[in-house]
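Structure file data-v2.tsv (TSV, C-alpha atoms) is printed below.
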chain	number	residue	atom	x	y	z
A	1	MET	CA	0.00	0.00	0.00
A	2	THR	CA	1.15	3.47	-0.69
A	3	ARG	CA	1.50	6.04	2.04
A	4	ILE	CA	-1.60	7.91	0.94
A	5	CYS	CA	-3.72	4.75	1.26
A	6	LYS	CA	-2.39	4.14	4.76
A	7	VAL	CA	-3.18	7.74	5.76
A	8	ILE	CA	-6.71	7.48	4.36
A	9	ALA	CA	-7.27	4.19	6.21
A	10	LEU	CA	-6.05	5.72	9.48
A	11	LEU	CA	-8.27	8.78	9.04
A	12	CYS	CA	-11.31	6.58	8.39
A	13	LEU	CA	-10.54	4.50	11.46
A	14	ALA	CA	-10.10	7.61	13.63
A	15	ALA	CA	-13.37	9.09	12.38
A	16	THR	CA	-15.22	5.86	13.14
A	17	CYS	CA	-13.81	5.67	16.68
A	18	THR	CA	-14.68	9.30	17.38
A	19	ALA	CA	-18.24	8.87	16.12
A	20	ALA	CA	-18.75	5.76	18.24
A	21	GLU	CA	-17.38	7.48	21.35
A	22	THR	CA	-19.62	10.52	20.86
A	23	GLU	CA	-22.65	8.30	20.33
A	24	TYR	CA	-21.82	6.31	23.49
A	25	ARG	CA	-21.42	9.49	25.55
A	26	ALA	CA	-24.70	10.87	24.29
A	27	ALA	CA	-26.46	7.65	25.18
A	28	THR	CA	-25.04	7.40	28.69
A	29	ASN	CA	-24.59	10.97	29.91
A	30	GLU	CA	-27.70	12.71	28.72
A	31	PRO	CA	-30.85	12.04	30.76
A	32	ARG	CA	-33.09	12.84	27.80
A	33	ALA	CA	-31.50	9.95	25.92
A	34	VAL	CA	-33.12	7.50	28.34
A	35	GLU	CA	-36.71	6.99	29.38
A	36	ILE	CA	-37.02	7.93	33.04
A	37	PRO	CA	-40.01	9.19	35.05
A	38	LEU	CA	-39.39	12.94	34.89
A	39	TYR	CA	-42.91	14.13	35.59
A	40	PRO	CA	-44.21	16.26	38.48
A	41	GLY	CA	-45.11	14.05	41.42
A	42	ALA	CA	-42.56	11.29	40.71
A	43	THR	CA	-40.62	10.40	43.85
A	44	LEU	CA	-36.90	11.12	43.91
A	45	GLU	CA	-36.32	7.46	44.78
A	46	SER	CA	-38.05	6.33	41.56
A	47	VAL	CA	-36.01	8.84	39.53
A	48	PHE	CA	-32.76	7.61	41.14
A	49	LYS	CA	-33.74	3.97	40.57
A	50	ALA	CA	-34.50	4.66	36.90
A	51	LEU	CA	-31.20	6.51	36.47
A	52	ASN	CA	-29.32	3.66	38.18
A	53	ASP	CA	-31.05	1.15	35.90
A	54	ARG	CA	-29.80	3.14	32.91
A	55	GLY	CA	-26.16	3.12	34.03
A	56	PHE	CA	-25.89	6.27	36.10
A	57	ARG	CA	-24.58	5.38	39.55
A	58	ILE	CA	-26.39	7.47	42.13
A	59	LYS	CA	-25.82	6.66	45.80
A	60	TYR	CA	-28.07	8.11	48.48
A	61	ASP	CA	-29.06	7.52	52.08
A	62	PRO	CA	-32.72	6.42	52.33
A	63	GLU	CA	-32.96	8.40	55.58
A	64	GLN	CA	-32.13	11.62	53.69
A	65	VAL	CA	-34.22	10.96	50.57
A	66	LEU	CA	-37.68	10.41	51.99
A	67	PRO	CA	-40.58	8.82	50.07
A	68	THR	CA	-42.46	12.12	50.38
A	69	MET	CA	-39.83	13.94	48.28
A	70	THR	CA	-41.24	14.34	44.79
A	71	LEU	CA	-40.44	16.31	41.67
A	72	LEU	CA	-42.14	19.67	41.95
A	73	GLU	CA	-42.03	20.26	38.19
A	74	ARG	CA	-40.61	18.61	35.11
A	75	PRO	CA	-36.84	19.30	35.03
A	76	LYS	CA	-35.52	21.39	32.17
A	77	ALA	CA	-31.92	20.18	32.42
A	78	SER	CA	-30.40	17.92	29.78
A	79	ARG	CA	-27.15	16.99	31.57
A	80	ILE	CA	-26.95	14.67	34.55
A	81	ASP	CA	-25.14	17.17	36.80
A	82	THR	CA	-27.62	19.97	36.18
A	83	LEU	CA	-30.55	17.55	36.35
A	84	LEU	CA	-29.50	16.36	39.81
A	85	ARG	CA	-28.92	19.93	40.97
A	86	GLU	CA	-32.36	20.96	39.73
A	87	ILE	CA	-34.30	18.13	41.38
A	88	LEU	CA	-32.34	18.12	44.67
A	89	GLU	CA	-32.12	21.87	45.34
A	90	PRO	CA	-35.69	22.29	46.73
A	91	TYR	CA	-34.86	19.72	49.43
A	92	ASP	CA	-31.48	21.26	50.43
A	93	LEU	CA	-29.57	18.34	48.90
A	94	HIS	CA	-26.86	18.19	46.26
A	95	ALA	CA	-24.93	15.51	44.39
A	96	ASP	CA	-21.14	15.24	44.31
A	97	HIS	CA	-19.40	13.38	41.52
A	98	THR	CA	-16.90	10.97	43.06
A	99	PRO	CA	-13.63	9.80	41.50
A	100	TYR	CA	-15.26	6.38	41.07
A	101	GLY	CA	-17.84	7.75	38.63
A	102	GLU	CA	-20.70	7.76	41.13
A	103	TRP	CA	-23.00	10.58	42.18
A	104	LYS	CA	-23.30	10.84	45.97
A	105	VAL	CA	-26.37	12.68	47.29
A	106	LYS	CA	-25.60	14.75	50.39
A	107	PRO	CA	-27.25	17.55	52.37
A	108	ILE	CA	-26.15	21.09	51.58
A	109	LYS	CA	-23.99	22.44	54.36
A	110	LYS	CA	-25.33	25.80	55.40
A	111	LYS	CA	-22.93	28.49	56.47
A	112	LYS	CA	-23.17	29.60	60.05
A	113	PRO	CA	-23.89	33.32	60.46
A	114	SER	CA	-20.79	35.16	61.58
A	115	ARG	CA	-20.89	37.23	64.73
A	116	ALA	CA	-20.14	40.88	64.19
Can the structure from this file be put into structure tokens for me?
Amino acid sequence: MTRICKVIALLCLAATCTAAETEYRAATNEPRAVEIPLYPGATLESVFKALNDRGFRIKYDPEQVLPTMTLLERPKASRIDTLLREILEPYDLHADHTPYGEWKVKPIKKKKPSRA
């Protein structure tokens, strides 16, 4: 094979790998790419279970995420980090992304008022 044929083959291979990686990311990182119960009134537990079933790893303490905690409105976010922020904020919770690829739901630490 000539050099130009080798270069063309490498470029085609690189383009294929890039397209597959982008498609995989879109399928796994975007909540709108999966069917999950994002309707007002859905419990946070059911949303977390659906996200976990789809490959997102969300860890939470059942004592902090109560069965009475529901979605107040349909989230507008299209990324997992902003989606979690949007649905957890009304309950003073947030999600940290761990080095292991998990999302850990924790209470928001409130700042103590300083004495003047």
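The smallest atom-to-atom distance between A:Met69 and any of A:Leu84, A:Ala50, A:Thr43, A:Phe56, using all atoms listed in the file, is found for A:Thr43.
Shortest atom-to-atom contact with A:Tyr60 among A:Leu11, A:Val105, A:Arg79, A:Gly41: A:Val105, counting all atoms listed in the file.
Considering all atoms listed in the file, the residue among A:Ile4, A:Lys76, A:Asp81, A:Lys106 positioned nearest to A:Pro62 is A:Lys106.
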Task: Interatomic distance, atom CA of A:Ser46 to atom CA of A:Lys109 (Å, one decimal) - done: 24.9 Å
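From atom CA of A:Pro107 back to atom CA of A:Thr68, the distance works out to 16.3 Å.
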Quick one: axis-aligned box around all listed atoms of stretch 73-79 of chain A, 6 Å on every side, centre and edge lengths in Å to one decimal, written as JSON.
{"center_x": -34.6, "center_y": 19.2, "center_z": 34.0, "size_x": 26.9, "size_y": 16.4, "size_z": 20.4}
- [ ] Pick out the residues sitting within 12 Å of stretch 91-94 of chain A, and hand them over as a ChimeraX atom specification; count all atoms listed in the file, and ignore anything fewer than 2 positions along from it in its own chain.
- [x] /A:44,58-61,64-66,68-72,81-89,96-97,103-110
- [ ] Could you check how far atom CA of A:Arg54 sits from atom CA of A:Ala42, in Å to one decimal?
- [x]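 If I compute the distance from atom CA of A:Arg54 to atom CA of A:Ala42, I get 17.0 Å.
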Task: Shortest interatomic distance to A:Gly55 - which of A:Gly101, A:Ala9, A:Leu38, A:Ala77, counting all atoms listed in the file - done: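 Of A:Gly101, A:Ala9, A:Leu38, A:Ala77, the one nearest A:Gly55 is A:Gly101, counting all atoms listed in the file.
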